[in-house]
$ cat target_6.cif   # mmCIF, C-alpha atoms
data_start
loop_
_atom_site.label_atom_id
_atom_site.label_comp_id
_atom_site.auth_asym_id
_atom_site.auth_seq_id
_atom_site.Cartn_x
_atom_site.Cartn_y
_atom_site.Cartn_z
CA MET A 1426 45.46 42.36 -7.64
CA ASN A 1427 41.76 41.96 -8.28
CA ASN A 1428 41.03 39.65 -11.22
CA ARG A 1429 38.74 42.27 -12.73
CA PHE A 1430 41.85 44.24 -13.72
CA PRO A 1431 44.38 41.77 -15.25
CA MET A 1432 47.74 43.14 -16.36
CA PRO A 1433 47.86 43.60 -20.16
CA GLU A 1434 50.84 43.01 -22.39
CA PRO A 1435 53.03 46.14 -22.57
CA GLU A 1436 52.55 48.23 -25.70
CA ALA A 1437 55.15 50.05 -27.74
CA ILE A 1438 55.17 53.77 -26.96
CA ARG A 1439 57.02 56.72 -28.45
CA LEU A 1440 60.55 57.07 -27.15
CA GLN A 1441 60.10 60.62 -25.86
CA LYS A 1442 57.02 59.55 -23.89
CA TYR A 1443 58.94 56.62 -22.44
CA LEU A 1444 61.81 58.86 -21.31
CA SER A 1445 59.34 61.24 -19.71
CA GLU A 1446 57.50 58.44 -17.89
CA GLN A 1447 60.80 57.12 -16.53
CA GLY A 1448 61.61 60.54 -15.12
CA VAL A 1449 64.64 61.15 -17.34
CA CYS A 1450 63.42 64.50 -18.67
CA SER A 1451 60.45 66.25 -20.24
CA ARG A 1452 59.17 65.12 -23.64
CA ARG A 1453 60.44 68.27 -25.27
CA LYS A 1454 63.93 67.73 -23.79
CA ALA A 1455 63.76 64.07 -24.87
CA GLU A 1456 63.14 65.15 -28.45
CA THR A 1457 66.23 67.37 -28.28
CA LEU A 1458 68.35 64.51 -26.93
CA ILE A 1459 67.11 62.19 -29.67
CA GLU A 1460 67.93 64.78 -32.33
CA GLU A 1461 71.40 65.18 -30.84
CA GLY A 1462 71.99 61.45 -31.31
CA VAL A 1463 72.73 60.64 -27.67
CA VAL A 1464 69.85 58.18 -27.23
CA THR A 1465 70.13 54.53 -28.31
CA ILE A 1466 67.66 51.66 -28.47
CA ASN A 1467 69.24 48.21 -28.26
CA GLY A 1468 72.60 49.72 -29.28
CA ILE A 1469 71.24 51.61 -32.30
CA THR A 1470 71.06 55.40 -32.40
CA ALA A 1471 67.44 56.42 -31.98
CA LYS A 1472 65.52 58.84 -34.15
CA LEU A 1473 62.31 60.78 -33.66
CA GLY A 1474 59.31 58.53 -34.18
CA ASP A 1475 60.95 55.42 -32.73
CA LYS A 1476 58.95 53.38 -30.26
CA VAL A 1477 60.02 51.11 -27.42
CA VAL A 1478 58.47 48.43 -25.23
CA SER A 1479 59.12 49.03 -21.54
CA GLY A 1480 61.01 46.16 -19.90
CA LYS A 1481 61.99 44.67 -23.26
CA ASP A 1482 64.05 47.24 -25.16
CA ILE A 1483 67.33 48.58 -23.76
CA VAL A 1484 67.37 52.36 -23.86
CA LYS A 1485 70.45 54.44 -23.05
CA VAL A 1486 70.94 58.19 -22.78
CA GLU A 1487 74.53 59.38 -23.18
CA GLY A 1488 75.65 55.80 -22.52
CA GLN A 1489 73.64 55.42 -19.29
CA ARG A 1490 70.94 52.79 -19.31
CA VAL A 1491 67.43 53.93 -18.44
CA THR A 1492 66.02 51.57 -15.84
CA ALA A 1493 62.41 50.84 -16.68
CA LYS A 1494 59.91 51.54 -13.95
CA ALA A 1495 56.64 49.69 -13.81
CA HIS A 1496 54.01 51.90 -15.42
CA ARG A 1497 50.53 50.89 -16.36
CA GLN A 1498 47.98 52.99 -18.13
CA TRP A 1499 44.67 52.92 -16.31
CA VAL A 1500 41.47 53.99 -18.06
CA ILE A 1501 38.45 53.46 -15.85
CA LEU A 1502 34.74 53.96 -16.47
CA MET A 1503 32.65 54.88 -13.43
CA ASN A 1504 28.88 55.19 -13.14
CA LYS A 1505 28.75 58.09 -10.68
CA PRO A 1506 25.83 58.14 -8.24
CA LYS A 1507 24.10 61.34 -7.14
CA GLY A 1508 25.51 62.94 -3.99
CA VAL A 1509 29.17 62.10 -4.70
CA ILE A 1510 31.68 64.80 -5.64
CA CYS A 1511 34.44 64.66 -8.27
CA SER A 1512 37.28 65.66 -5.96
CA HIS A 1513 40.05 64.08 -3.89
CA GLY A 1514 38.72 65.72 -0.75
CA ASP A 1515 36.05 68.03 0.60
CA PRO A 1516 36.08 70.19 3.76
CA HIS A 1517 32.45 69.25 4.34
CA HIS A 1518 33.40 65.55 4.33
CA SER A 1519 31.27 64.66 1.33
CA ARG A 1520 31.83 61.27 -0.23
CA THR A 1521 34.04 61.45 -3.33
CA ILE A 1522 34.34 59.38 -6.49
CA TYR A 1523 37.72 58.17 -5.23
CA ASP A 1524 35.98 56.52 -2.27
CA LEU A 1525 34.20 54.27 -4.79
CA LEU A 1526 37.41 52.86 -6.25
CA PRO A 1527 38.64 49.35 -5.34
CA PRO A 1528 41.89 49.20 -3.29
CA GLU A 1529 44.14 48.49 -6.29
CA LEU A 1530 43.00 51.74 -7.93
CA ALA A 1531 42.68 53.98 -4.88
CA LYS A 1532 46.49 54.42 -4.74
CA GLU A 1533 46.73 55.46 -8.40
CA LYS A 1534 46.84 59.14 -9.36
CA LEU A 1535 43.73 59.10 -11.50
CA ILE A 1536 42.51 62.20 -13.34
CA CYS A 1537 38.77 62.75 -13.77
CA CYS A 1538 38.16 63.52 -17.46
CA GLY A 1539 35.21 65.88 -17.34
CA ARG A 1540 33.62 66.28 -13.94
CA LEU A 1541 29.98 66.00 -12.96
CA ASP A 1542 28.58 68.14 -10.16
CA LYS A 1543 27.38 66.60 -6.90
CA GLU A 1544 23.72 66.35 -7.96
CA SER A 1545 24.49 64.82 -11.36
CA GLU A 1546 25.11 61.17 -12.14
CA GLY A 1547 26.35 58.87 -14.83
CA MET A 1548 29.45 58.36 -16.92
CA LEU A 1549 32.90 59.37 -15.75
CA ILE A 1550 36.27 58.40 -17.19
CA LEU A 1551 39.33 58.36 -14.95
CA THR A 1552 42.91 57.80 -16.12
CA ASN A 1553 46.52 58.22 -15.02
CA ASP A 1554 47.50 59.22 -18.57
CA GLY A 1555 47.65 63.01 -18.66
CA GLU A 1556 47.91 63.14 -22.44
CA LEU A 1557 44.80 61.00 -22.85
CA ALA A 1558 42.92 63.10 -20.28
CA GLN A 1559 43.74 66.26 -22.23
CA ARG A 1560 42.57 64.67 -25.47
CA ILE A 1561 39.26 63.61 -23.90
CA THR A 1562 38.46 66.89 -22.16
CA HIS A 1563 39.69 69.52 -24.62
CA PRO A 1564 37.19 70.53 -27.34
CA SER A 1565 39.87 69.91 -29.99
CA GLY A 1566 39.64 66.18 -29.15
CA GLY A 1567 36.15 66.13 -30.66
CA VAL A 1568 34.65 63.97 -27.90
CA VAL A 1569 30.93 64.83 -27.72
CA LYS A 1570 29.34 64.27 -24.30
CA ARG A 1571 25.69 63.19 -24.23
CA TYR A 1572 23.29 63.75 -21.35
CA ARG A 1573 19.71 62.92 -20.44
CA ILE A 1574 18.08 65.68 -18.45
CA LYS A 1575 14.70 66.52 -16.97
CA VAL A 1576 13.76 70.19 -16.59
CA SER A 1577 11.46 71.85 -14.07
CA ARG A 1578 8.60 72.61 -16.47
CA PRO A 1579 7.51 71.89 -20.06
CA PHE A 1580 10.26 72.95 -22.43
CA ASP A 1581 9.70 75.51 -25.17
CA THR A 1582 11.34 73.92 -28.24
CA SER A 1583 11.63 77.32 -29.95
CA LEU A 1584 14.58 77.97 -27.61
CA ILE A 1585 16.67 75.18 -29.11
CA PRO A 1586 18.29 77.33 -31.87
CA LYS A 1587 19.24 79.96 -29.27
CA MET A 1588 20.84 77.37 -27.00
CA ILE A 1589 22.77 75.91 -29.91
CA LYS A 1590 23.92 79.39 -30.91
CA GLY A 1591 25.13 79.86 -27.34
CA ILE A 1592 25.23 82.69 -24.80
CA HIS A 1593 27.81 84.46 -22.66
CA ARG A 1594 27.29 84.18 -18.92
CA GLU A 1595 29.60 84.99 -16.01
CA GLY A 1596 32.62 85.12 -18.30
CA ASP A 1597 31.91 81.77 -20.01
CA PHE A 1598 30.43 80.92 -23.39
CA LEU A 1599 27.72 78.31 -22.82
CA GLN A 1600 26.50 76.30 -25.79
CA ALA A 1601 24.71 73.07 -26.59
CA LYS A 1602 25.81 71.15 -29.66
CA LYS A 1603 22.46 69.42 -30.07
CA ILE A 1604 19.15 69.17 -28.15
CA ILE A 1605 16.60 66.39 -28.72
CA VAL A 1606 13.15 66.33 -27.10
CA ALA A 1607 11.93 62.96 -25.82
CA PRO A 1608 9.55 61.49 -28.44
CA MET A 1609 7.29 59.64 -26.01
CA GLY A 1610 6.69 58.59 -22.42
CA PRO A 1611 5.64 60.39 -19.24
CA ASP A 1612 6.83 64.00 -18.91
CA LYS A 1613 8.09 63.86 -22.49
CA ASP A 1614 7.90 67.66 -22.76
CA ARG A 1615 10.31 67.93 -19.81
CA ARG A 1616 12.82 65.26 -20.84
CA LEU A 1617 15.64 66.13 -23.23
CA GLU A 1618 18.86 64.74 -24.61
CA VAL A 1619 21.64 67.33 -24.69
CA HIS A 1620 24.98 67.04 -26.48
CA LEU A 1621 28.01 69.14 -25.51
CA GLY A 1622 31.21 69.65 -27.46
CA GLN A 1623 32.89 71.27 -24.47
CA GLY A 1624 32.55 70.81 -20.74
CA ARG A 1625 32.47 74.00 -18.73
CA LYS A 1626 31.55 73.89 -15.04
CA ARG A 1627 27.82 73.09 -14.62
CA GLU A 1628 27.36 74.10 -18.25
CA ILE A 1629 24.00 72.47 -18.92
CA ARG A 1630 22.46 73.69 -15.68
CA ARG A 1631 23.72 77.25 -16.24
CA LEU A 1632 22.63 77.27 -19.89
CA PHE A 1633 19.07 76.20 -19.09
CA GLU A 1634 18.84 78.51 -16.07
CA SER A 1635 19.69 81.39 -18.42
CA PHE A 1636 16.45 80.62 -20.26
CA GLY A 1637 14.33 80.16 -17.13
CA TYR A 1638 14.58 76.39 -16.62
CA PHE A 1639 16.01 74.46 -13.70
CA VAL A 1640 17.46 71.00 -14.33
CA ASP A 1641 15.88 68.53 -11.89
CA LYS A 1642 17.85 65.52 -13.10
CA LEU A 1643 21.03 65.13 -15.18
CA GLU A 1644 22.74 61.94 -16.30
CA ARG A 1645 25.67 61.58 -18.70
CA PHE A 1646 25.30 58.34 -20.62
CA GLN A 1647 27.77 58.57 -23.52
CA MET A 1648 31.12 60.14 -24.46
CA GLY A 1649 32.11 60.02 -28.11
CA GLY A 1650 30.98 56.62 -29.36
CA LEU A 1651 31.50 54.98 -25.95
CA GLN A 1652 28.28 54.15 -24.11
CA MET A 1653 27.91 53.30 -20.46
CA LYS A 1654 27.11 49.61 -20.46
CA ARG A 1655 27.54 46.81 -17.93
CA THR A 1656 28.34 49.34 -15.20
CA PRO A 1657 25.77 49.58 -12.39
CA ARG A 1658 25.41 52.86 -10.53
CA GLY A 1659 28.31 53.37 -8.10
CA SER A 1660 30.56 50.75 -9.73
CA VAL A 1661 33.62 50.88 -11.98
CA ARG A 1662 35.21 48.82 -14.73
CA GLU A 1663 38.33 49.07 -16.82
CA ILE A 1664 37.87 50.23 -20.42
CA PRO A 1665 39.74 47.83 -22.74
CA LYS A 1666 41.60 49.31 -25.70
CA ARG A 1667 39.01 48.06 -28.19
CA GLU A 1668 36.38 50.18 -26.39
CA LEU A 1669 38.69 53.12 -25.76
CA ASP A 1670 38.87 53.68 -29.51
CA PHE A 1671 35.10 54.33 -29.48
CA LEU A 1672 35.71 57.48 -27.45
CA PHE A 1673 37.14 59.19 -30.48
CA SER A 1674 34.55 57.93 -32.93
CA LYS A 1675 31.29 59.71 -33.72
#
$ encode --input "target_6.cif" --output "C-alpha cells"
Amino acid sequence: MNNRFPMPEPEAIRLQKYLSEQGVCSRRKAETLIEEGVVTINGITAKLGDKVVSGKDIVKVEGQRVTAKAHRQWVILMNKPKGVICSHGDPHHSRTIYDLLPPELAKEKLICCGRLDKESEGMLILTNDGELAQRITHPSGGVVKRYRIKVSRPFDTSLIPKMIKGIHREGDFLQAKKIIVAPMGPDKDRRLEVHLGQGRKREIRRLFESFGYFVDKLERFQMGGLQMKRTPRGSVREIPKRELDFLFSK
C-alpha cells in the first residue's frame, strides 16, 4: 500500500455498528439483540452503548463468535479539476473523479459527499462510511459549504437579501446562507464568496440564473471549518481524524 495512506490503529466503535459492518445484521436488529442479552463482549453480556475494537475484542451472538473482517474507514479530500464528473461512469466516456484515485483507493466503494458539476472545481470529500457521508451532506449536520464564484457581469448587491431569503425553482428551494462581495482586485464586482447550508443539484448556478446572472467560474474551497490545503488540483490526500473534526466546527 502506498506510504501516503498508512494504516491507523483501530478505534473503538459502537457494538451495533460493528455487528452491522461484519454483516451480522442491521444496526436496528443489533440493538434488539443487545437488549435481549444474547450478545457478549469478551464473555460479558453486552449492553447498549458498549464499544468494541475490531480484531481485539471477542464478540459473540447467541454463542457464535463474530469473525472480524478487515474494515478501514477512508475519508479522502480531493481537489477536483474542471471537466471531471462526480460519477462512477458516464455514457459519453467523460473522465470521472474515480479515475483520479490511486490504485489502493480505486477498489474502495467511496461515496462522494456533495457533488460538484462537471464545470466546477475544488473541494470534494469521499468516504466509505455511509453514516459519515449522511452527516456531511444532510443540512442537519450543519456543515456549511463555501464557494468562490465569478459571475458573467457586475453583480447588483441589492439582490443579496433576496438570495438569502431563497426562491422556489423547478420544485426545489434554492437559498444562499451568506454572500460576500470581493473587497478588492480585478473584476471585484463580479467575484463573490457564497456559503450554502444545503447542497441541491447545481444550486448556486440555478440560484444566480434565476436573477439573471450566469456563473462563469465556481470553486468550493471549504466545508465546515476544513479548508482545502496542501492538495494541488487533481490530487487527493487522506484527511486525518484531527482535521476531520474541523468539518463539524464553524
$ residues_around --input "target_6.cif" --residues "A:Gly1508" --least-positions-apart "2" --cutoff "8 Å" --atoms "all atoms listed in the file" --output "VMD selection string"
chain A and resid 1506 1510 1520 1543 to 1545
$ closest_residue --input "target_6.cif" --among "A:Glu1546, A:Asp1597, A:Asp1612, A:Asp1475" --to "A:Arg1578" --atoms "all atoms listed in the file"
A:Asp1612
$ residues_around --input "target_6.cif" --residues "A:Lys1666" --least-positions-apart "6" --cutoff "12 Å" --atoms "all atoms listed in the file" --output "list in words"
Pro1433, Glu1434, Glu1436, Gln1498, Trp1499, Val1500, Ile1501, Leu1651, Leu1672 and Phe1673 of chain A
$ atom_distance --input "target_6.cif" --atom1 "atom CA of A:Pro1516" --atom2 "atom CA of A:Asp1542"
15.9 Å
$ closest_residue --input "target_6.cif" --among "A:Gly1622, A:Gly1448, A:Gly1659, A:Gly1567" --to "A:Ile1589" --atoms "all atoms listed in the file"
A:Gly1622
$ closest_residue --input "target_6.cif" --among "A:Ala1493, A:Ala1437, A:Ile1604, A:Ile1664" --to "A:Glu1618" --atoms "all atoms listed in the file"
A:Ile1604
$ residues_around --input "target_6.cif" --residues "A:Asn1504" --least-positions-apart "5" --cutoff "6 Å" --atoms "only C-alpha atoms" --output "list in words"
Gly1547, Met1548, Arg1658, Gly1659 and Ser1660 of chain A
$ residues_around --input "target_6.cif" --residues "A:Thr1562" --least-positions-apart "4" --cutoff "7 Å" --atoms "only C-alpha atoms" --output "list in words"
Cys1538, Gly1539 and Ala1558 of chain A
$ closest_residue --input "target_6.cif" --among "A:Lys1534, A:Arg1490, A:Arg1594, A:Arg1615" --to "A:Gln1447" --atoms "all atoms listed in the file"
A:Arg1490
$ resolve_selection --input "target_6.cif" --expression "the PyMOL selection byres ((chain A and resi 1481) around 10)" --output "PDB file with C-alpha atoms, in the frame of the given file"
ATOM      1  CA  PRO A1435      53.030  46.140 -22.570  1.00  0.00           C
ATOM      2  CA  ALA A1437      55.150  50.050 -27.740  1.00  0.00           C
ATOM      3  CA  ASN A1467      69.240  48.210 -28.260  1.00  0.00           C
ATOM      4  CA  VAL A1477      60.020  51.110 -27.420  1.00  0.00           C
ATOM      5  CA  VAL A1478      58.470  48.430 -25.230  1.00  0.00           C
ATOM      6  CA  SER A1479      59.120  49.030 -21.540  1.00  0.00           C
ATOM      7  CA  GLY A1480      61.010  46.160 -19.900  1.00  0.00           C
ATOM      8  CA  ASP A1482      64.050  47.240 -25.160  1.00  0.00           C
ATOM      9  CA  ILE A1483      67.330  48.580 -23.760  1.00  0.00           C
ATOM     10  CA  VAL A1484      67.370  52.360 -23.860  1.00  0.00           C
ATOM     11  CA  ALA A1493      62.410  50.840 -16.680  1.00  0.00           C
TER      12      ALA A1493
END
$ atom_distance --input "target_6.cif" --atom1 "atom CA of A:Ile1561" --atom2 "atom CA of A:Gln1623"
10.0 Å
$ closest_residue --input "target_6.cif" --among "A:Ser1635, A:Thr1457, A:Thr1552, A:Gln1652" --to "A:Lys1587" --atoms "all atoms listed in the file"
A:Ser1635
$ atom_distance --input "target_6.cif" --atom1 "atom CA of A:Asn1553" --atom2 "atom CA of A:Glu1663"
12.4 Å
$ closest_residue --input "target_6.cif" --among "A:Val1463, A:Pro1611, A:Arg1645, A:Glu1595" --to "A:Leu1541" --atoms "only C-alpha atoms"
A:Arg1645
$ residues_around --input "target_6.cif" --residues "A:Phe1633" --least-positions-apart "3" --cutoff "12 Å" --atoms "only C-alpha atoms" --output "ChimeraX atom specification"
/A:1574-1578,1580-1581,1584-1585,1587-1589,1591-1592,1594,1599-1601,1604,1617,1619,1627-1630,1636-1641,1643
$ resolve_selection --input "target_6.cif" --expression "the PyMOL selection byres ((chain A and resi 1488) around 12)" --output "JSON, numbers by chain"
{"A": [1462, 1463, 1464, 1465, 1466, 1467, 1468, 1469, 1470, 1483, 1484, 1485, 1486, 1487, 1489, 1490, 1491]}
$ axis_aligned_box --input "target_6.cif" --around "stretch 1455-1460 of chain A" --padding-each-side "8 Å" --output "AutoDock Vina command-line options"
--center_x 65.7 --center_y 64.8 --center_z -28.6 --size_x 21.2 --size_y 21.2 --size_z 23.5
$ resolve_selection --input "target_6.cif" --expression "the PyMOL selection byres ((chain A and resi 1441) around 7)" --output "number ranges by chain"
A: 1439-1440, 1442-1445, 1452, 1455-1456
$ decode --input "target_6.cif" --residues "stretch 1443-1456 of chain A" --atoms "all heavy atoms" --output "PDB file, in the first residue's frame"
ATOM      1  N   TYR A1443     -20.510  -2.187  14.747  1.00  0.00           N
ATOM      2  CA  TYR A1443     -19.578  -3.287  14.488  1.00  0.00           C
ATOM      3  C   TYR A1443     -20.312  -4.496  13.916  1.00  0.00           C
ATOM      4  O   TYR A1443     -19.887  -5.082  12.911  1.00  0.00           O
ATOM      5  CB  TYR A1443     -18.859  -3.662  15.787  1.00  0.00           C
ATOM      6  CG  TYR A1443     -18.012  -4.902  15.693  1.00  0.00           C
ATOM      7  CD1 TYR A1443     -16.740  -4.864  15.112  1.00  0.00           C
ATOM      8  CD2 TYR A1443     -18.476  -6.126  16.175  1.00  0.00           C
ATOM      9  CE1 TYR A1443     -15.957  -6.003  15.025  1.00  0.00           C
ATOM     10  CE2 TYR A1443     -17.698  -7.271  16.086  1.00  0.00           C
ATOM     11  CZ  TYR A1443     -16.451  -7.206  15.507  1.00  0.00           C
ATOM     12  OH  TYR A1443     -15.680  -8.339  15.407  1.00  0.00           O
ATOM     13  N   LEU A1444     -21.438  -4.868  14.527  1.00  0.00           N
ATOM     14  CA  LEU A1444     -22.201  -6.016  14.040  1.00  0.00           C
ATOM     15  C   LEU A1444     -22.721  -5.780  12.620  1.00  0.00           C
ATOM     16  O   LEU A1444     -22.750  -6.697  11.802  1.00  0.00           O
ATOM     17  CB  LEU A1444     -23.360  -6.316  14.993  1.00  0.00           C
ATOM     18  CG  LEU A1444     -22.965  -6.820  16.389  1.00  0.00           C
ATOM     19  CD1 LEU A1444     -24.199  -6.981  17.274  1.00  0.00           C
ATOM     20  CD2 LEU A1444     -22.196  -8.136  16.302  1.00  0.00           C
ATOM     21  N   SER A1445     -23.106  -4.558  12.341  1.00  0.00           N
ATOM     22  CA  SER A1445     -23.579  -4.223  11.007  1.00  0.00           C
ATOM     23  C   SER A1445     -22.446  -4.313   9.993  1.00  0.00           C
ATOM     24  O   SER A1445     -22.607  -4.868   8.904  1.00  0.00           O
ATOM     25  CB  SER A1445     -24.181  -2.815  11.003  1.00  0.00           C
ATOM     26  OG  SER A1445     -24.544  -2.425   9.704  1.00  0.00           O
ATOM     27  N   GLU A1446     -21.270  -3.777  10.344  1.00  0.00           N
ATOM     28  CA  GLU A1446     -20.124  -3.803   9.438  1.00  0.00           C
ATOM     29  C   GLU A1446     -19.665  -5.222   9.152  1.00  0.00           C
ATOM     30  O   GLU A1446     -19.174  -5.520   8.053  1.00  0.00           O
ATOM     31  CB  GLU A1446     -18.964  -2.999  10.031  1.00  0.00           C
ATOM     32  CG  GLU A1446     -19.181  -1.500   9.996  1.00  0.00           C
ATOM     33  CD  GLU A1446     -18.008  -0.730  10.587  1.00  0.00           C
ATOM     34  OE1 GLU A1446     -17.096  -1.395  11.147  1.00  0.00           O
ATOM     35  OE2 GLU A1446     -18.003   0.504  10.482  1.00  0.00           O
ATOM     36  N   GLN A1447     -19.838  -6.119  10.122  1.00  0.00           N
ATOM     37  CA  GLN A1447     -19.424  -7.506   9.934  1.00  0.00           C
ATOM     38  C   GLN A1447     -20.477  -8.337   9.212  1.00  0.00           C
ATOM     39  O   GLN A1447     -20.287  -9.538   8.983  1.00  0.00           O
ATOM     40  CB  GLN A1447     -19.084  -8.150  11.292  1.00  0.00           C
ATOM     41  CG  GLN A1447     -18.038  -7.417  12.102  1.00  0.00           C
ATOM     42  CD  GLN A1447     -16.784  -7.087  11.300  1.00  0.00           C
ATOM     43  OE1 GLN A1447     -16.293  -7.907  10.543  1.00  0.00           O
ATOM     44  NE2 GLN A1447     -16.277  -5.876  11.476  1.00  0.00           N
ATOM     45  N   GLY A1448     -21.587  -7.698   8.855  1.00  0.00           N
ATOM     46  CA  GLY A1448     -22.615  -8.387   8.091  1.00  0.00           C
ATOM     47  C   GLY A1448     -23.504  -9.300   8.907  1.00  0.00           C
ATOM     48  O   GLY A1448     -24.215 -10.144   8.342  1.00  0.00           O
ATOM     49  N   VAL A1449     -23.506  -9.132  10.230  1.00  0.00           N
ATOM     50  CA  VAL A1449     -24.340  -9.981  11.086  1.00  0.00           C
ATOM     51  C   VAL A1449     -25.817  -9.618  10.922  1.00  0.00           C
ATOM     52  O   VAL A1449     -26.684 -10.485  10.765  1.00  0.00           O
ATOM     53  CB  VAL A1449     -23.911  -9.852  12.562  1.00  0.00           C
ATOM     54  CG1 VAL A1449     -24.859 -10.642  13.476  1.00  0.00           C
ATOM     55  CG2 VAL A1449     -22.480 -10.332  12.738  1.00  0.00           C
ATOM     56  N   CYS A1450     -26.104  -8.327  10.955  1.00  0.00           N
ATOM     57  CA  CYS A1450     -27.481  -7.836  10.848  1.00  0.00           C
ATOM     58  C   CYS A1450     -27.452  -6.319  10.719  1.00  0.00           C
ATOM     59  O   CYS A1450     -26.373  -5.719  10.756  1.00  0.00           O
ATOM     60  CB  CYS A1450     -28.297  -8.254  12.082  1.00  0.00           C
ATOM     61  SG  CYS A1450     -27.586  -7.655  13.649  1.00  0.00           S
ATOM     62  N   SER A1451     -28.635  -5.721  10.600  1.00  0.00           N
ATOM     63  CA  SER A1451     -28.714  -4.267  10.553  1.00  0.00           C
ATOM     64  C   SER A1451     -28.439  -3.687  11.935  1.00  0.00           C
ATOM     65  O   SER A1451     -28.486  -4.420  12.951  1.00  0.00           O
ATOM     66  CB  SER A1451     -30.096  -3.824  10.083  1.00  0.00           C
ATOM     67  OG  SER A1451     -31.074  -4.155  11.062  1.00  0.00           O
ATOM     68  N   ARG A1452     -28.188  -2.407  12.007  1.00  0.00           N
ATOM     69  CA  ARG A1452     -27.949  -1.769  13.316  1.00  0.00           C
ATOM     70  C   ARG A1452     -29.179  -1.860  14.205  1.00  0.00           C
ATOM     71  O   ARG A1452     -29.072  -2.082  15.410  1.00  0.00           O
ATOM     72  CB  ARG A1452     -27.538  -0.308  13.125  1.00  0.00           C
ATOM     73  CG  ARG A1452     -26.198  -0.151  12.438  1.00  0.00           C
ATOM     74  CD  ARG A1452     -25.675   1.257  12.547  1.00  0.00           C
ATOM     75  NE  ARG A1452     -24.518   1.449  11.688  1.00  0.00           N
ATOM     76  CZ  ARG A1452     -23.765   2.537  11.673  1.00  0.00           C
ATOM     77  NH1 ARG A1452     -24.071   3.541  12.467  1.00  0.00           N
ATOM     78  NH2 ARG A1452     -22.734   2.643  10.866  1.00  0.00           N
ATOM     79  N   ARG A1453     -30.332  -1.664  13.604  1.00  0.00           N
ATOM     80  CA  ARG A1453     -31.561  -1.730  14.399  1.00  0.00           C
ATOM     81  C   ARG A1453     -31.747  -3.123  14.991  1.00  0.00           C
ATOM     82  O   ARG A1453     -32.082  -3.281  16.165  1.00  0.00           O
ATOM     83  CB  ARG A1453     -32.763  -1.347  13.541  1.00  0.00           C
ATOM     84  CG  ARG A1453     -34.077  -1.342  14.306  1.00  0.00           C
ATOM     85  CD  ARG A1453     -35.183  -0.707  13.490  1.00  0.00           C
ATOM     86  NE  ARG A1453     -34.923   0.703  13.248  1.00  0.00           N
ATOM     87  CZ  ARG A1453     -35.744   1.506  12.577  1.00  0.00           C
ATOM     88  NH1 ARG A1453     -36.873   1.033  12.073  1.00  0.00           N
ATOM     89  NH2 ARG A1453     -35.442   2.783  12.412  1.00  0.00           N
ATOM     90  N   LYS A1454     -31.511  -4.172  14.170  1.00  0.00           N
ATOM     91  CA  LYS A1454     -31.620  -5.543  14.660  1.00  0.00           C
ATOM     92  C   LYS A1454     -30.569  -5.808  15.721  1.00  0.00           C
ATOM     93  O   LYS A1454     -30.834  -6.500  16.724  1.00  0.00           O
ATOM     94  CB  LYS A1454     -31.451  -6.520  13.492  1.00  0.00           C
ATOM     95  CG  LYS A1454     -31.476  -7.999  13.894  1.00  0.00           C
ATOM     96  CD  LYS A1454     -32.810  -8.404  14.522  1.00  0.00           C
ATOM     97  CE  LYS A1454     -32.837  -9.895  14.795  1.00  0.00           C
ATOM     98  NZ  LYS A1454     -34.093 -10.319  15.483  1.00  0.00           N
ATOM     99  N   ALA A1455     -29.363  -5.234  15.533  1.00  0.00           N
ATOM    100  CA  ALA A1455     -28.293  -5.414  16.521  1.00  0.00           C
ATOM    101  C   ALA A1455     -28.700  -4.850  17.874  1.00  0.00           C
ATOM    102  O   ALA A1455     -28.432  -5.452  18.922  1.00  0.00           O
ATOM    103  CB  ALA A1455     -27.012  -4.741  16.021  1.00  0.00           C
ATOM    104  N   GLU A1456     -29.370  -3.708  17.859  1.00  0.00           N
ATOM    105  CA  GLU A1456     -29.830  -3.117  19.113  1.00  0.00           C
ATOM    106  C   GLU A1456     -30.823  -4.036  19.817  1.00  0.00           C
ATOM    107  O   GLU A1456     -30.791  -4.178  21.044  1.00  0.00           O
ATOM    108  CB  GLU A1456     -30.464  -1.744  18.842  1.00  0.00           C
ATOM    109  CG  GLU A1456     -29.459  -0.690  18.406  1.00  0.00           C
ATOM    110  CD  GLU A1456     -30.116   0.618  18.017  1.00  0.00           C
ATOM    111  OE1 GLU A1456     -31.369   0.674  18.020  1.00  0.00           O
ATOM    112  OE2 GLU A1456     -29.384   1.586  17.708  1.00  0.00           O
TER     113      GLU A1456
END
